Amino acid sequence: MIRVLIADDEALMRTGIRLILENADDIEVVAEAGDGREAAAACRTQDVDVALLDIQMPVRDGIAAAEDITRLSPRTNVVMLTAFGEEASVTRALRAGANGYLLKDTGPTELIRAVQLAAKGEPVLAPRVTRQLLDRHVQSGRGTESALHRIAELTPAERDVLRLLGTGLSNSEIADRLYLSAGTVKAHISRILTRTGCANRVQAAVLAHDAGLLDDK
């Protein structure tokens, strides 16, 4: 079972999300929280596979909670579920360690699928959010010295995997493109995260854009 925490300061919203997720046979909502501090505490005391966090919460907001959870409960994959899709919020959330960013208008089927993917460590981004990130990196800041330095120790094979990861492909899709096994791709990604200091696949995808790897043919 995929064990999920829902954090939102609106009880009605938490109830609605719970009802959606509990329609899935492989998802169990094990905790709820009304603020970011409660959310981080719940992830420390319980086995939580996926934490769904709103951004606008009292005491400690969702982005601060994401930082806490990433640091104190690294097994938990964090997904922001919010009404706000501004570029600044997306960037702050991903840099805080969030593994995904969804908007509250996400449909029930898409929400369930996103939780299932997040539990596997796959990145989950709302289409509108993905477009914003791509547009930002197309228009500015790619190929920075810092990003190039971080990927300097990657092997050619790892760079190929990172480049495709940056396009949003799953492990199986990357394996098909590079004629590798899914296990080999998973091993490459693990080494990429370690060598670049990325907390998760989403941060690695942003790094691929920053380093200009998507310009490689």
# chains A, B, ... in the order shown; residues from 1 in each chain; ligands from 1

$ select_by_dssp --residues "chain A" --states "alpha helix (DSSP H)" --output "VMD selection string"
chain A and resid 11 to 21 36 to 45 62 to 72 87 to 95 108 to 119 127 to 139 145 to 150 156 to 166 171 to 178 182 to 196 201 to 210

$ residues_around --residues "Ile69 in chain A" --least-positions-apart "3" --cutoff "12 Å" --atoms "only C-alpha atoms" --output "PyMOL selection string"
chain A and resi 5+36-53+62-66+72-79+96-99+199

$ write_last_selection --atoms "N, CA and C atoms" --output "JSON list (two decimals), in the first residue's frame"
[["chain", "number", "residue", "atom", "x", "y", "z"],
["A", 5, "LEU", "N", 0.18, 11.16, 3.33],
["A", 5, "LEU", "CA", -0.19, 12.24, 4.24],
["A", 5, "LEU", "C", -0.81, 13.37, 3.43],
["A", 36, "GLY", "N", 2.12, 23.16, 8.26],
["A", 36, "GLY", "CA", 3.37, 22.55, 7.84],
["A", 36, "GLY", "C", 4.13, 21.87, 8.96],
["A", 37, "ARG", "N", 4.07, 22.41, 10.15],
["A", 37, "ARG", "CA", 4.77, 21.79, 11.28],
["A", 37, "ARG", "C", 4.17, 20.43, 11.60],
["A", 38, "GLU", "N", 2.85, 20.36, 11.62],
["A", 38, "GLU", "CA", 2.18, 19.07, 11.87],
["A", 38, "GLU", "C", 2.55, 18.06, 10.79],
["A", 39, "ALA", "N", 2.63, 18.52, 9.55],
["A", 39, "ALA", "CA", 2.95, 17.63, 8.43],
["A", 39, "ALA", "C", 4.34, 17.02, 8.61],
["A", 40, "ALA", "N", 5.33, 17.86, 8.91],
["A", 40, "ALA", "CA", 6.69, 17.37, 9.08],
["A", 40, "ALA", "C", 6.77, 16.41, 10.26],
["A", 41, "ALA", "N", 6.07, 16.73, 11.34],
["A", 41, "ALA", "CA", 6.08, 15.86, 12.52],
["A", 41, "ALA", "C", 5.47, 14.50, 12.21],
["A", 42, "ALA", "N", 4.38, 14.50, 11.43],
["A", 42, "ALA", "CA", 3.73, 13.24, 11.08],
["A", 42, "ALA", "C", 4.65, 12.37, 10.24],
["A", 43, "CYS", "N", 5.41, 12.97, 9.34],
["A", 43, "CYS", "CA", 6.32, 12.19, 8.50],
["A", 43, "CYS", "C", 7.49, 11.62, 9.30],
["A", 44, "ARG", "N", 7.84, 12.29, 10.39],
["A", 44, "ARG", "CA", 8.92, 11.78, 11.24],
["A", 44, "ARG", "C", 8.46, 10.59, 12.07],
["A", 45, "THR", "N", 7.18, 10.58, 12.46],
["A", 45, "THR", "CA", 6.70, 9.55, 13.39],
["A", 45, "THR", "C", 5.98, 8.41, 12.70],
["A", 46, "GLN", "N", 5.67, 8.56, 11.40],
["A", 46, "GLN", "CA", 4.98, 7.50, 10.67],
["A", 46, "GLN", "C", 5.70, 7.22, 9.36],
["A", 47, "ASP", "N", 5.46, 6.02, 8.83],
["A", 47, "ASP", "CA", 5.99, 5.68, 7.51],
["A", 47, "ASP", "C", 5.07, 6.28, 6.46],
["A", 48, "VAL", "N", 5.52, 7.36, 5.85],
["A", 48, "VAL", "CA", 4.74, 8.05, 4.81],
["A", 48, "VAL", "C", 5.49, 7.96, 3.50],
["A", 49, "ASP", "N", 4.84, 7.41, 2.48],
["A", 49, "ASP", "CA", 5.46, 7.30, 1.16],
["A", 49, "ASP", "C", 5.33, 8.58, 0.36],
["A", 50, "VAL", "N", 4.17, 9.23, 0.44],
["A", 50, "VAL", "CA", 3.91, 10.45, -0.32],
["A", 50, "VAL", "C", 3.22, 11.47, 0.59],
["A", 51, "ALA", "N", 3.78, 12.67, 0.64],
["A", 51, "ALA", "CA", 3.16, 13.77, 1.38],
["A", 51, "ALA", "C", 2.60, 14.78, 0.39],
["A", 52, "LEU", "N", 1.29, 14.98, 0.42],
["A", 52, "LEU", "CA", 0.64, 16.00, -0.40],
["A", 52, "LEU", "C", 0.50, 17.27, 0.43],
["A", 53, "LEU", "N", 1.19, 18.33, 0.01],
["A", 53, "LEU", "CA", 1.24, 19.55, 0.82],
["A", 53, "LEU", "C", 0.65, 20.74, 0.07],
["A", 62, "GLY", "N", 3.87, 25.22, 3.24],
["A", 62, "GLY", "CA", 4.15, 23.95, 2.61],
["A", 62, "GLY", "C", 5.57, 23.83, 2.10],
["A", 63, "ILE", "N", 6.16, 24.93, 1.63],
["A", 63, "ILE", "CA", 7.52, 24.87, 1.10],
["A", 63, "ILE", "C", 8.52, 24.65, 2.24],
["A", 64, "ALA", "N", 8.32, 25.33, 3.37],
["A", 64, "ALA", "CA", 9.17, 25.09, 4.53],
["A", 64, "ALA", "C", 9.00, 23.65, 5.02],
["A", 65, "ALA", "N", 7.76, 23.16, 5.00],
["A", 65, "ALA", "CA", 7.50, 21.78, 5.41],
["A", 65, "ALA", "C", 8.20, 20.80, 4.48],
["A", 66, "ALA", "N", 8.21, 21.11, 3.17],
["A", 66, "ALA", "CA", 8.90, 20.25, 2.21],
["A", 66, "ALA", "C", 10.39, 20.15, 2.53],
["A", 72, "LEU", "N", 14.45, 15.41, 7.11],
["A", 72, "LEU", "CA", 14.23, 14.55, 8.26],
["A", 72, "LEU", "C", 13.58, 13.21, 7.93],
["A", 73, "SER", "N", 12.91, 13.13, 6.77],
["A", 73, "SER", "CA", 12.26, 11.88, 6.36],
["A", 73, "SER", "C", 12.51, 11.65, 4.88],
["A", 74, "PRO", "N", 13.77, 11.36, 4.49],
["A", 74, "PRO", "CA", 14.13, 11.29, 3.07],
["A", 74, "PRO", "C", 13.40, 10.21, 2.28],
["A", 75, "ARG", "N", 12.81, 9.24, 2.97],
["A", 75, "ARG", "CA", 12.07, 8.20, 2.24],
["A", 75, "ARG", "C", 10.74, 8.73, 1.71],
["A", 76, "THR", "N", 10.28, 9.87, 2.24],
["A", 76, "THR", "CA", 8.99, 10.43, 1.85],
["A", 76, "THR", "C", 9.13, 11.30, 0.62],
["A", 77, "ASN", "N", 8.33, 11.05, -0.40],
["A", 77, "ASN", "CA", 8.30, 11.87, -1.61],
["A", 77, "ASN", "C", 7.24, 12.96, -1.44],
["A", 78, "VAL", "N", 7.65, 14.20, -1.63],
["A", 78, "VAL", "CA", 6.77, 15.35, -1.39],
["A", 78, "VAL", "C", 6.18, 15.84, -2.71],
["A", 79, "VAL", "N", 4.87, 16.04, -2.73],
["A", 79, "VAL", "CA", 4.19, 16.63, -3.88],
["A", 79, "VAL", "C", 3.37, 17.82, -3.40],
["A", 96, "ALA", "N", 13.22, 23.17, -2.76],
["A", 96, "ALA", "CA", 13.06, 22.71, -1.38],
["A", 96, "ALA", "C", 13.04, 21.19, -1.30],
["A", 97, "GLY", "N", 13.01, 20.51, -2.45],
["A", 97, "GLY", "CA", 13.05, 19.05, -2.45],
["A", 97, "GLY", "C", 11.76, 18.38, -2.87],
["A", 98, "ALA", "N", 10.75, 19.16, -3.25],
["A", 98, "ALA", "CA", 9.49, 18.55, -3.69],
["A", 98, "ALA", "C", 9.73, 17.72, -4.95],
["A", 99, "ASN", "N", 9.05, 16.59, -5.01],
["A", 99, "ASN", "CA", 9.18, 15.69, -6.15],
["A", 99, "ASN", "C", 8.11, 15.94, -7.21],
["A", 199, "ALA", "N", 18.41, 16.28, -4.86],
["A", 199, "ALA", "CA", 17.63, 15.50, -3.90],
["A", 199, "ALA", "C", 16.68, 14.53, -4.58]]

$ atom_distance --atom1 "CA of Gly212 in chain A" --atom2 "CA of Arg150 in chain A"
12.4 Å

$ select_by_dssp --residues "range 27-198 of chain A" --states "strand (DSSP E)" --output "PyMOL selection string"
chain A and resi 27-33+50-53+77-82+100-103+124-125

$ residues_around --residues "Arg159 in chain A" --least-positions-apart "5" --cutoff "8 Å" --atoms "only C-alpha atoms" --output "PDB file with C-alpha atoms, in the first residue's frame"
ATOM      1  CA  ILE A 151      27.640  17.645 -14.117  1.00  0.00           C
ATOM      2  CA  LEU A 154      29.141  12.456 -15.047  1.00  0.00           C
ATOM      3  CA  LEU A 213      21.871  19.396 -21.918  1.00  0.00           C
TER       4      LEU A 213
END
